[in-house]
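Listing of entry_27.pdb; format and content: PDB, C-alpha atoms.
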```pdb
ATOM      1  CA  LEU A  11      -6.036  18.255  47.303
ATOM      2  CA  VAL A  12      -9.837  18.191  47.577
ATOM      3  CA  LYS A  13     -12.197  16.578  50.103
ATOM      4  CA  GLY A  14     -15.519  16.130  48.362
ATOM      5  CA  GLY A  15     -16.554  18.402  45.541
ATOM      6  CA  VAL A  16     -19.124  16.540  43.418
ATOM      7  CA  TRP A  17     -22.216  18.252  41.989
ATOM      8  CA  LEU A  18     -24.563  18.430  38.992
ATOM      9  CA  ASP A  19     -24.343  21.174  36.397
ATOM     10  CA  GLU A  20     -27.297  22.806  34.643
ATOM     11  CA  GLU A  21     -27.493  19.867  32.238
ATOM     12  CA  SER A  22     -27.613  17.376  35.152
ATOM     13  CA  LYS A  23     -24.140  16.065  34.371
ATOM     14  CA  VAL A  24     -21.835  15.041  37.212
ATOM     15  CA  GLN A  25     -19.023  17.532  37.794
ATOM     16  CA  PHE A  26     -15.922  17.215  39.980
ATOM     17  CA  LEU A  27     -14.168  20.095  41.712
ATOM     18  CA  SER A  28     -10.892  18.223  41.258
ATOM     19  CA  ASP A  29     -11.485  18.278  37.456
ATOM     20  CA  LYS A  30     -11.905  22.043  37.502
ATOM     21  CA  ILE A  31      -8.792  22.595  39.610
ATOM     22  CA  LYS A  32      -6.733  20.308  37.393
ATOM     23  CA  ASP A  33      -8.054  21.904  34.192
ATOM     24  CA  ASP A  34      -7.633  25.498  35.416
ATOM     25  CA  THR A  35      -4.161  25.068  36.916
ATOM     26  CA  GLY A  36      -2.675  22.352  34.746
ATOM     27  CA  MET A  37      -1.451  20.711  37.942
ATOM     28  CA  PRO A  38      -2.265  17.290  39.414
ATOM     29  CA  CYS A  39      -5.167  17.237  41.862
ATOM     30  CA  ALA A  40      -5.970  14.467  44.318
ATOM     31  CA  VAL A  41      -9.096  13.649  46.344
ATOM     32  CA  LEU A  42      -9.052  12.558  50.000
ATOM     33  CA  MET A  43     -11.937  10.506  51.421
ATOM     34  CA  GLY A  44     -12.406   7.917  54.120
ATOM     35  CA  ALA A  45     -13.640   6.929  57.553
ATOM     36  CA  ASN A  46     -12.365   9.998  59.377
ATOM     37  CA  ILE A  47     -15.124  11.835  61.259
ATOM     38  CA  ALA A  48     -13.961  15.365  62.081
ATOM     39  CA  LYS A  49     -14.488  15.383  65.851
ATOM     40  CA  ASP A  50     -12.462  12.175  66.190
ATOM     41  CA  ILE A  51      -9.635  13.617  64.102
ATOM     42  CA  ALA A  52      -9.651  16.696  66.347
ATOM     43  CA  ARG A  53      -9.037  14.404  69.345
ATOM     44  CA  SER A  54      -6.157  12.706  67.482
ATOM     45  CA  ASP A  55      -8.043   9.406  67.477
ATOM     46  CA  PHE A  56      -6.669   6.949  64.943
ATOM     47  CA  ALA A  57      -8.238   7.093  61.478
ATOM     48  CA  GLU A  58      -7.536   6.179  57.875
ATOM     49  CA  ALA A  59      -8.071   7.924  54.545
ATOM     50  CA  THR A  60      -7.892   7.126  50.852
ATOM     51  CA  VAL A  61      -6.227   9.481  48.387
ATOM     52  CA  GLY A  62      -7.555   9.152  44.839
ATOM     53  CA  TYR A  63      -5.343  10.263  41.965
ATOM     54  CA  ASP A  64      -5.095   9.925  38.190
ATOM     55  CA  GLU A  65      -2.829   7.376  36.563
ATOM     56  CA  GLY A  66       0.353   9.210  35.634
ATOM     57  CA  ASP A  67       0.197  11.385  38.766
ATOM     58  CA  GLU A  68       1.824   8.807  41.044
ATOM     59  CA  HIS A  69       4.556  11.202  42.154
ATOM     60  CA  ALA A  70       2.023  13.826  43.240
ATOM     61  CA  ALA A  71      -0.024  11.170  45.059
ATOM     62  CA  GLU A  72       3.072  10.052  46.956
ATOM     63  CA  ILE A  73       3.775  13.650  47.976
ATOM     64  CA  VAL A  74       0.238  13.951  49.376
ATOM     65  CA  ARG A  75       0.530  10.623  51.165
ATOM     66  CA  ASN A  76       3.791  11.643  52.803
ATOM     67  CA  LEU A  77       2.326  14.981  53.891
ATOM     68  CA  PHE A  78      -0.663  13.461  55.696
ATOM     69  CA  ASN A  79       0.431   9.975  56.727
ATOM     70  CA  SER A  80       1.192   9.712  60.449
ATOM     71  CA  GLU A  81       0.931   7.374  63.429
ATOM     72  CA  VAL A  82      -2.724   8.380  63.902
ATOM     73  CA  PHE A  83      -3.733   9.024  60.273
ATOM     74  CA  ALA A  84      -2.934   6.240  57.819
ATOM     75  CA  ILE A  85      -3.082   7.041  54.098
ATOM     76  CA  GLU A  86      -3.496   4.661  51.150
ATOM     77  CA  THR A  87      -3.706   5.640  47.473
ATOM     78  CA  ILE A  88      -6.081   4.572  44.674
ATOM     79  CA  PRO A  89      -5.495   5.383  40.976
ATOM     80  CA  ASN A  90      -8.994   6.729  40.222
ATOM     81  CA  ARG A  91      -9.692  10.207  41.546
ATOM     82  CA  ARG A  92     -13.320  10.371  40.442
ATOM     83  CA  ALA A  93     -14.256   6.983  41.884
ATOM     84  CA  VAL A  94     -12.882   7.971  45.299
ATOM     85  CA  ALA A  95     -14.791  11.273  45.190
ATOM     86  CA  LEU A  96     -18.029   9.498  44.269
ATOM     87  CA  ALA A  97     -17.636   7.003  47.106
ATOM     88  CA  GLY A  98     -17.403   9.877  49.561
ATOM     89  CA  THR A  99     -20.618  11.361  48.181
ATOM     90  CA  MET A 100     -22.817   8.277  47.956
ATOM     91  CA  LYS A 101     -22.195   6.967  51.455
ATOM     92  CA  ASN A 102     -24.093   9.995  52.784
ATOM     93  CA  ILE A 103     -27.222   8.875  50.924
ATOM     94  CA  ILE A 104     -27.096   5.356  52.366
ATOM     95  CA  ALA A 105     -26.607   6.899  55.820
ATOM     96  CA  LEU A 106     -30.070   8.467  55.551
ATOM     97  CA  ALA A 107     -31.610   4.998  55.357
ATOM     98  CA  ALA A 108     -29.482   3.832  58.289
ATOM     99  CA  GLY A 109     -30.745   6.802  60.294
ATOM    100  CA  PHE A 110     -34.348   5.980  59.395
ATOM    101  CA  ALA A 111     -33.735   2.435  60.648
ATOM    102  CA  GLN A 112     -32.324   3.766  63.921
ATOM    103  CA  GLY A 113     -35.364   5.981  64.448
ATOM    104  CA  LEU A 114     -37.677   3.053  63.729
ATOM    105  CA  ASN A 115     -35.833   0.696  66.141
ATOM    106  CA  MET A 116     -34.986  -1.797  63.400
ATOM    107  CA  GLY A 117     -31.871  -2.880  65.283
ATOM    108  CA  PRO A 118     -28.341  -3.662  64.085
ATOM    109  CA  ASN A 119     -29.525  -6.405  61.729
ATOM    110  CA  GLY A 120     -31.679  -3.979  59.761
ATOM    111  CA  GLU A 121     -28.910  -1.394  59.654
ATOM    112  CA  ALA A 122     -26.436  -4.047  58.477
ATOM    113  CA  ALA A 123     -28.792  -5.026  55.646
ATOM    114  CA  ILE A 124     -28.987  -1.387  54.540
ATOM    115  CA  MET A 125     -25.199  -1.099  54.501
ATOM    116  CA  ARG A 126     -24.820  -4.351  52.580
ATOM    117  CA  VAL A 127     -27.219  -3.541  49.748
ATOM    118  CA  GLY A 128     -26.203   0.118  49.884
ATOM    119  CA  MET A 129     -22.583  -0.787  49.214
ATOM    120  CA  LYS A 130     -23.633  -2.876  46.231
ATOM    121  CA  GLU A 131     -25.618  -0.005  44.727
ATOM    122  CA  GLU A 132     -22.824   2.443  45.499
ATOM    123  CA  ARG A 133     -20.322   0.221  43.703
ATOM    124  CA  ARG A 134     -22.634  -0.219  40.720
ATOM    125  CA  LEU A 135     -23.127   3.534  40.286
ATOM    126  CA  ILE A 136     -19.461   4.404  40.785
ATOM    127  CA  GLU A 137     -18.547   1.973  38.022
ATOM    128  CA  ALA A 138     -21.114   3.595  35.720
ATOM    129  CA  LEU A 139     -19.973   7.165  36.421
ATOM    130  CA  SER A 140     -16.203   6.793  36.793
ATOM    131  CA  GLY A 141     -15.319   3.984  34.431
ATOM    132  CA  ALA A 142     -13.454   2.143  37.185
ATOM    133  CA  ASP A 143     -12.822  -1.488  36.270
ATOM    134  CA  PRO A 144     -14.232  -4.248  38.529
ATOM    135  CA  ARG A 145     -10.856  -5.186  40.023
ATOM    136  CA  LEU A 146     -10.143  -1.589  41.020
ATOM    137  CA  MET A 147     -13.665  -1.297  42.432
ATOM    138  CA  SER A 148     -12.937  -4.249  44.721
ATOM    139  CA  GLN A 149      -9.912  -2.335  46.002
ATOM    140  CA  ILE A 150     -12.017   0.795  46.505
ATOM    141  CA  VAL A 151     -14.707  -1.094  48.444
ATOM    142  CA  GLU A 152     -12.049  -2.514  50.764
ATOM    143  CA  SER A 153     -10.215   0.807  51.204
ATOM    144  CA  SER A 154     -11.078   3.453  53.782
ATOM    145  CA  CYS A 155     -13.241   5.395  51.285
ATOM    146  CA  GLY A 156     -15.360   2.290  50.630
ATOM    147  CA  PHE A 157     -17.179   0.144  53.171
ATOM    148  CA  PRO A 158     -15.320   1.538  56.230
ATOM    149  CA  ASP A 159     -16.455   5.088  55.394
ATOM    150  CA  LEU A 160     -19.986   3.862  54.738
ATOM    151  CA  GLN A 161     -20.078   2.052  58.082
ATOM    152  CA  ALA A 162     -18.674   4.972  60.079
ATOM    153  CA  THR A 163     -21.071   7.423  58.447
ATOM    154  CA  CYS A 164     -24.096   5.187  59.028
ATOM    155  CA  VAL A 165     -23.194   4.673  62.685
ATOM    156  CA  ALA A 166     -21.890   8.073  63.775
ATOM    157  CA  GLY A 167     -22.254  10.655  60.997
ATOM    158  CA  ARG A 168     -24.464  13.731  60.965
ATOM    159  CA  ASN A 169     -26.618  12.437  58.103
ATOM    160  CA  ALA A 170     -27.648   9.326  60.031
ATOM    161  CA  LYS A 171     -28.312  11.344  63.210
ATOM    162  CA  CYS A 172     -30.560  13.806  61.416
ATOM    163  CA  ALA A 173     -32.289  10.996  59.512
ATOM    164  CA  LYS A 174     -33.053   9.266  62.812
ATOM    165  CA  ALA A 175     -34.645  12.491  64.054
ATOM    166  CA  PHE A 176     -36.511  12.793  60.728
ATOM    167  CA  ALA A 177     -38.061   9.352  61.170
ATOM    168  CA  LEU A 178     -39.029  10.097  64.768
ATOM    169  CA  GLU A 179     -40.677  13.348  63.704
ATOM    170  CA  ARG A 180     -42.546  11.682  60.840
ATOM    171  CA  VAL A 181     -43.991   8.890  62.982
ATOM    172  CA  GLY A 182     -44.537  11.235  65.928
ATOM    173  CA  GLY A 183     -47.199  13.315  64.215
ATOM    174  CA  SER A 184     -45.098  16.227  62.914
ATOM    175  CA  ASP A 185     -46.881  18.547  60.492
ATOM    176  CA  LEU A 186     -43.627  18.897  58.538
ATOM    177  CA  ALA A 187     -42.184  16.577  55.889
ATOM    178  CA  GLY A 188     -39.667  16.667  53.045
ATOM    179  CA  ASP A 189     -37.483  19.750  52.644
ATOM    180  CA  LYS A 190     -39.203  21.710  55.409
ATOM    181  CA  LEU A 191     -38.522  19.019  57.997
ATOM    182  CA  TRP A 192     -34.915  18.521  56.849
ATOM    183  CA  THR A 193     -34.309  22.281  57.123
ATOM    184  CA  LYS A 194     -35.744  22.352  60.637
ATOM    185  CA  LEU A 195     -33.519  19.480  61.764
ATOM    186  CA  GLU A 196     -30.408  20.888  60.085
ATOM    187  CA  ASP A 197     -30.916  24.258  61.770
ATOM    188  CA  SER A 198     -31.624  22.786  65.211
ATOM    189  CA  MET A 199     -29.075  19.949  65.299
ATOM    190  CA  LEU A 200     -25.975  20.865  63.301
ATOM    191  CA  ARG A 201     -24.847  24.228  64.697
ATOM    192  CA  GLY A 202     -24.211  25.765  61.298
ATOM    193  CA  GLN A 203     -23.027  22.611  59.537
ATOM    194  CA  LYS A 204     -24.928  21.315  56.536
ATOM    195  CA  LEU A 205     -26.308  17.911  55.615
ATOM    196  CA  GLN A 206     -24.588  16.378  52.612
ATOM    197  CA  GLY A 207     -26.870  13.366  52.211
ATOM    198  CA  THR A 208     -30.089  15.215  51.361
ATOM    199  CA  GLY A 209     -28.617  17.251  48.524
ATOM    200  CA  ALA A 210     -26.700  14.241  47.211
ATOM    201  CA  CYS A 211     -29.873  12.154  47.367
ATOM    202  CA  LYS A 212     -31.713  14.594  45.096
ATOM    203  CA  GLU A 213     -28.833  14.846  42.642
ATOM    204  CA  ILE A 214     -28.151  11.125  42.437
ATOM    205  CA  ASN A 215     -31.877  10.514  41.937
ATOM    206  CA  THR A 216     -31.650  12.769  38.866
ATOM    207  CA  VAL A 217     -28.459  11.048  37.647
ATOM    208  CA  ILE A 218     -29.891   7.525  37.969
ATOM    209  CA  ARG A 219     -33.053   8.422  36.083
ATOM    210  CA  GLY A 220     -30.997  10.207  33.432
ATOM    211  CA  LEU A 221     -28.967   7.034  32.904
ATOM    212  CA  GLY A 222     -32.170   5.076  32.370
ATOM    213  CA  LYS A 223     -31.169   2.672  35.139
ATOM    214  CA  ALA A 224     -33.774   3.328  37.816
ATOM    215  CA  HIS A 225     -34.500  -0.407  38.088
ATOM    216  CA  GLN A 226     -30.904  -1.040  39.213
ATOM    217  CA  PHE A 227     -30.998   1.287  42.235
ATOM    218  CA  PRO A 228     -34.145   0.613  44.288
ATOM    219  CA  LEU A 229     -32.480   1.515  47.586
ATOM    220  CA  MET A 230     -31.208   4.939  46.527
ATOM    221  CA  LEU A 231     -34.472   5.820  44.786
ATOM    222  CA  GLY A 232     -36.443   4.448  47.727
ATOM    223  CA  ILE A 233     -34.494   6.667  50.125
ATOM    224  CA  HIS A 234     -35.409   9.656  47.959
ATOM    225  CA  LYS A 235     -39.071   8.676  48.101
ATOM    226  CA  LEU A 236     -39.115   8.383  51.893
ATOM    227  CA  ALA A 237     -37.082  11.560  52.362
ATOM    228  CA  PHE A 238     -38.837  13.879  49.905
ATOM    229  CA  GLU A 239     -41.791  12.362  48.049
ATOM    230  CA  ASP A 240     -43.835  10.871  50.894
ATOM    231  CA  THR A 241     -45.352  13.925  52.580
ATOM    232  CA  GLU A 242     -48.601  12.510  53.968
ATOM    233  CA  PRO A 243     -48.796  11.727  57.708
ATOM    234  CA  THR A 244     -47.486   8.265  58.592
ATOM    235  CA  ASP A 245     -46.985   6.007  61.592
ATOM    236  CA  GLU A 246     -44.130   3.765  62.723
ATOM    237  CA  LYS A 247     -45.637   0.583  61.308
ATOM    238  CA  SER A 248     -46.183   2.092  57.848
ATOM    239  CA  PHE A 249     -42.797   3.844  57.678
ATOM    240  CA  LYS A 250     -40.979   0.692  58.803
ATOM    241  CA  ALA A 251     -42.869  -1.488  56.320
ATOM    242  CA  ALA A 252     -41.997   0.886  53.472
ATOM    243  CA  LEU A 253     -38.299   0.879  54.375
ATOM    244  CA  GLN A 254     -38.227  -2.909  54.740
ATOM    245  CA  ARG A 255     -39.830  -3.353  51.300
ATOM    246  CA  ILE A 256     -37.137  -1.159  49.765
ATOM    247  CA  ILE A 257     -34.339  -3.144  51.461
ATOM    248  CA  VAL A 258     -35.798  -6.485  50.325
ATOM    249  CA  GLU A 259     -36.244  -5.264  46.741
ATOM    250  CA  ALA A 260     -32.669  -3.957  46.664
ATOM    251  CA  GLY A 261     -31.317  -7.198  48.125
ATOM    252  CA  LEU A 262     -33.135  -9.398  45.617
ATOM    253  CA  LEU A 263     -31.983  -7.225  42.718
ATOM    254  CA  SER A 264     -28.380  -7.459  43.876
ATOM    255  CA  GLU A 265     -28.606 -11.258  43.790
ATOM    256  CA  GLU A 266     -29.933 -11.148  40.213
ATOM    257  CA  ILE A 267     -27.309  -8.683  38.934
ATOM    258  CA  ASP A 268     -24.337 -10.157  40.796
TER     259      ASP A 268
END
```

Starting from the file, give its structure as structure tokens.
Amino acid sequence: LVKGGVWLDEESKVQFLSDKIKDDTGMPCAVLMGANIAKDIARSDFAEATVGYDEGDEHAAEIVRNLFNSEVFAIETIPNRRAVALAGTMKNIIALAAGFAQGLNMGPNGEAAIMRVGMKEERRLIEALSGADPRLMSQIVESSCGFPDLQATCVAGRNAKCAKAFALERVGGSDLAGDKLWTKLEDSMLRGQKLQGTGACKEINTVIRGLGKAHQFPLMLGIHKLAFEDTEPTDEKSFKAALQRIIVEAGLLSEEID
């Protein structure tokens, strides 16, 4: 059983830790993702999770479900291991934009818009990378690893919290930007933990451009621009206007594609 484990190899191809485990051991491997923030789990607060597995490994998936399912931790299963793993990766990228919105005082309406168009882009990219059919993708979006995980991460996850601080630093006259500012915030705020969203943002930016589909993912590429490419000093009005333009462009594109 793996939680996470998605990266790019030297040829910029998406790799899955669960693939390597399954190939090396010859045994089934499942992926667990969902709206289950660690500190809440430690308090035994109720949470859910999605276990992704390969078709044909139903027995192994049921074993995993029975091991983890409890009164305070509800488990559901989805027959696409890679799609579930990708959902758990991409939500951290969208959470960066939600954190920017929090730092810029865009309110719950702005954050909701980011989650809405972010979920559409997340779904689109998961389909492209995992081969999941549209009906299964609807099930994934509605499962714990889909929109619930995105919402929880945008509201209370470490990526959103650090992104909020990033926005405040950028509009507050900080001399730092890009990687240097992210490193400062990670070191000062996370007590040894690491941000997942920044690394994923860089890798997914590479993947999208490699697919030749940059025009289909304006939100994810826009997040990368604000997080790493825009290094000149900025102010709240300019940063907010840039983020709002990205959200509007992503929303209009979603209407055209859908």

* Which polymer residues have any atom within 10 Å of an atom of Ile218 (chain A), counting all atoms listed in the file, with same-chain residues fewer than 4 positions away left out, as a ChimeraX atom specification? -> /A:135,138,213-214,222-227,230-231

Starting from the displayed file, determine the output of the PyMOL selection byres ((chain A and resi 100-113) around 7) and express the residue list as a PDB file with C-alpha atoms, in the coordinates of the input.
```
ATOM      1  CA  LEU A  96     -18.029   9.498  44.269  1.00  0.00           C
ATOM      2  CA  ALA A  97     -17.636   7.003  47.106  1.00  0.00           C
ATOM      3  CA  GLY A  98     -17.403   9.877  49.561  1.00  0.00           C
ATOM      4  CA  THR A  99     -20.618  11.361  48.181  1.00  0.00           C
ATOM      5  CA  LEU A 114     -37.677   3.053  63.729  1.00  0.00           C
ATOM      6  CA  ASN A 115     -35.833   0.696  66.141  1.00  0.00           C
ATOM      7  CA  MET A 116     -34.986  -1.797  63.400  1.00  0.00           C
ATOM      8  CA  GLY A 117     -31.871  -2.880  65.283  1.00  0.00           C
ATOM      9  CA  GLY A 120     -31.679  -3.979  59.761  1.00  0.00           C
ATOM     10  CA  GLU A 121     -28.910  -1.394  59.654  1.00  0.00           C
ATOM     11  CA  ILE A 124     -28.987  -1.387  54.540  1.00  0.00           C
ATOM     12  CA  GLY A 128     -26.203   0.118  49.884  1.00  0.00           C
ATOM     13  CA  GLU A 132     -22.824   2.443  45.499  1.00  0.00           C
ATOM     14  CA  LEU A 160     -19.986   3.862  54.738  1.00  0.00           C
ATOM     15  CA  THR A 163     -21.071   7.423  58.447  1.00  0.00           C
ATOM     16  CA  CYS A 164     -24.096   5.187  59.028  1.00  0.00           C
ATOM     17  CA  ASN A 169     -26.618  12.437  58.103  1.00  0.00           C
ATOM     18  CA  ALA A 170     -27.648   9.326  60.031  1.00  0.00           C
ATOM     19  CA  LYS A 171     -28.312  11.344  63.210  1.00  0.00           C
ATOM     20  CA  ALA A 173     -32.289  10.996  59.512  1.00  0.00           C
ATOM     21  CA  LYS A 174     -33.053   9.266  62.812  1.00  0.00           C
ATOM     22  CA  ALA A 175     -34.645  12.491  64.054  1.00  0.00           C
ATOM     23  CA  ALA A 177     -38.061   9.352  61.170  1.00  0.00           C
ATOM     24  CA  LEU A 178     -39.029  10.097  64.768  1.00  0.00           C
ATOM     25  CA  GLN A 206     -24.588  16.378  52.612  1.00  0.00           C
ATOM     26  CA  GLY A 207     -26.870  13.366  52.211  1.00  0.00           C
ATOM     27  CA  THR A 208     -30.089  15.215  51.361  1.00  0.00           C
ATOM     28  CA  ALA A 210     -26.700  14.241  47.211  1.00  0.00           C
ATOM     29  CA  CYS A 211     -29.873  12.154  47.367  1.00  0.00           C
ATOM     30  CA  ILE A 233     -34.494   6.667  50.125  1.00  0.00           C
TER      31      ILE A 233
END
```

On this structure, the PyMOL selection byres ((chain A and resi 11) around 9) would catch which residues? List them as a short mmCIF file (atom, residue, chain, number, x, y, z; two decimals) with C-alpha atoms, in the coordinates of the input, sorted by chain and number.
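That gives us result33.cif:
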```
data_model
loop_
_atom_site.label_atom_id
_atom_site.label_comp_id
_atom_site.auth_asym_id
_atom_site.auth_seq_id
_atom_site.Cartn_x
_atom_site.Cartn_y
_atom_site.Cartn_z
CA VAL A 12 -9.84 18.19 47.58
CA LYS A 13 -12.20 16.58 50.10
CA SER A 28 -10.89 18.22 41.26
CA PRO A 38 -2.26 17.29 39.41
CA CYS A 39 -5.17 17.24 41.86
CA ALA A 40 -5.97 14.47 44.32
CA VAL A 41 -9.10 13.65 46.34
CA LEU A 42 -9.05 12.56 50.00
CA VAL A 61 -6.23 9.48 48.39
CA VAL A 74 0.24 13.95 49.38
#
```

* **Residues near region 83-92 of chain A, cut-off 7 Å, only C-alpha atoms, skip fewer than 3 positions along chain, as a list in words** => Ala40, Val41, Phe56, Ala57, Glu58, Ala59, Thr60, Val61, Gly62, Tyr63, Asp64, Glu65, Arg75, Asn79, Ser80, Ala95, Leu96 and Ser140 of chain A

Export of prior selection with C-alpha atoms as a JSON list (two decimals), in the frame of the given file:
```json
[["chain", "number", "residue", "atom", "x", "y", "z"],
["A", 40, "ALA", "CA", -5.97, 14.47, 44.32],
["A", 41, "VAL", "CA", -9.10, 13.65, 46.34],
["A", 56, "PHE", "CA", -6.67, 6.95, 64.94],
["A", 57, "ALA", "CA", -8.24, 7.09, 61.48],
["A", 58, "GLU", "CA", -7.54, 6.18, 57.88],
["A", 59, "ALA", "CA", -8.07, 7.92, 54.54],
["A", 60, "THR", "CA", -7.89, 7.13, 50.85],
["A", 61, "VAL", "CA", -6.23, 9.48, 48.39],
["A", 62, "GLY", "CA", -7.56, 9.15, 44.84],
["A", 63, "TYR", "CA", -5.34, 10.26, 41.96],
["A", 64, "ASP", "CA", -5.10, 9.93, 38.19],
["A", 65, "GLU", "CA", -2.83, 7.38, 36.56],
["A", 75, "ARG", "CA", 0.53, 10.62, 51.16],
["A", 79, "ASN", "CA", 0.43, 9.98, 56.73],
["A", 80, "SER", "CA", 1.19, 9.71, 60.45],
["A", 95, "ALA", "CA", -14.79, 11.27, 45.19],
["A", 96, "LEU", "CA", -18.03, 9.50, 44.27],
["A", 140, "SER", "CA", -16.20, 6.79, 36.79]]
```

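Here CA of Met199 (chain A) is placed at a distance of 19.3 Å from CA of Gly183 (chain A).
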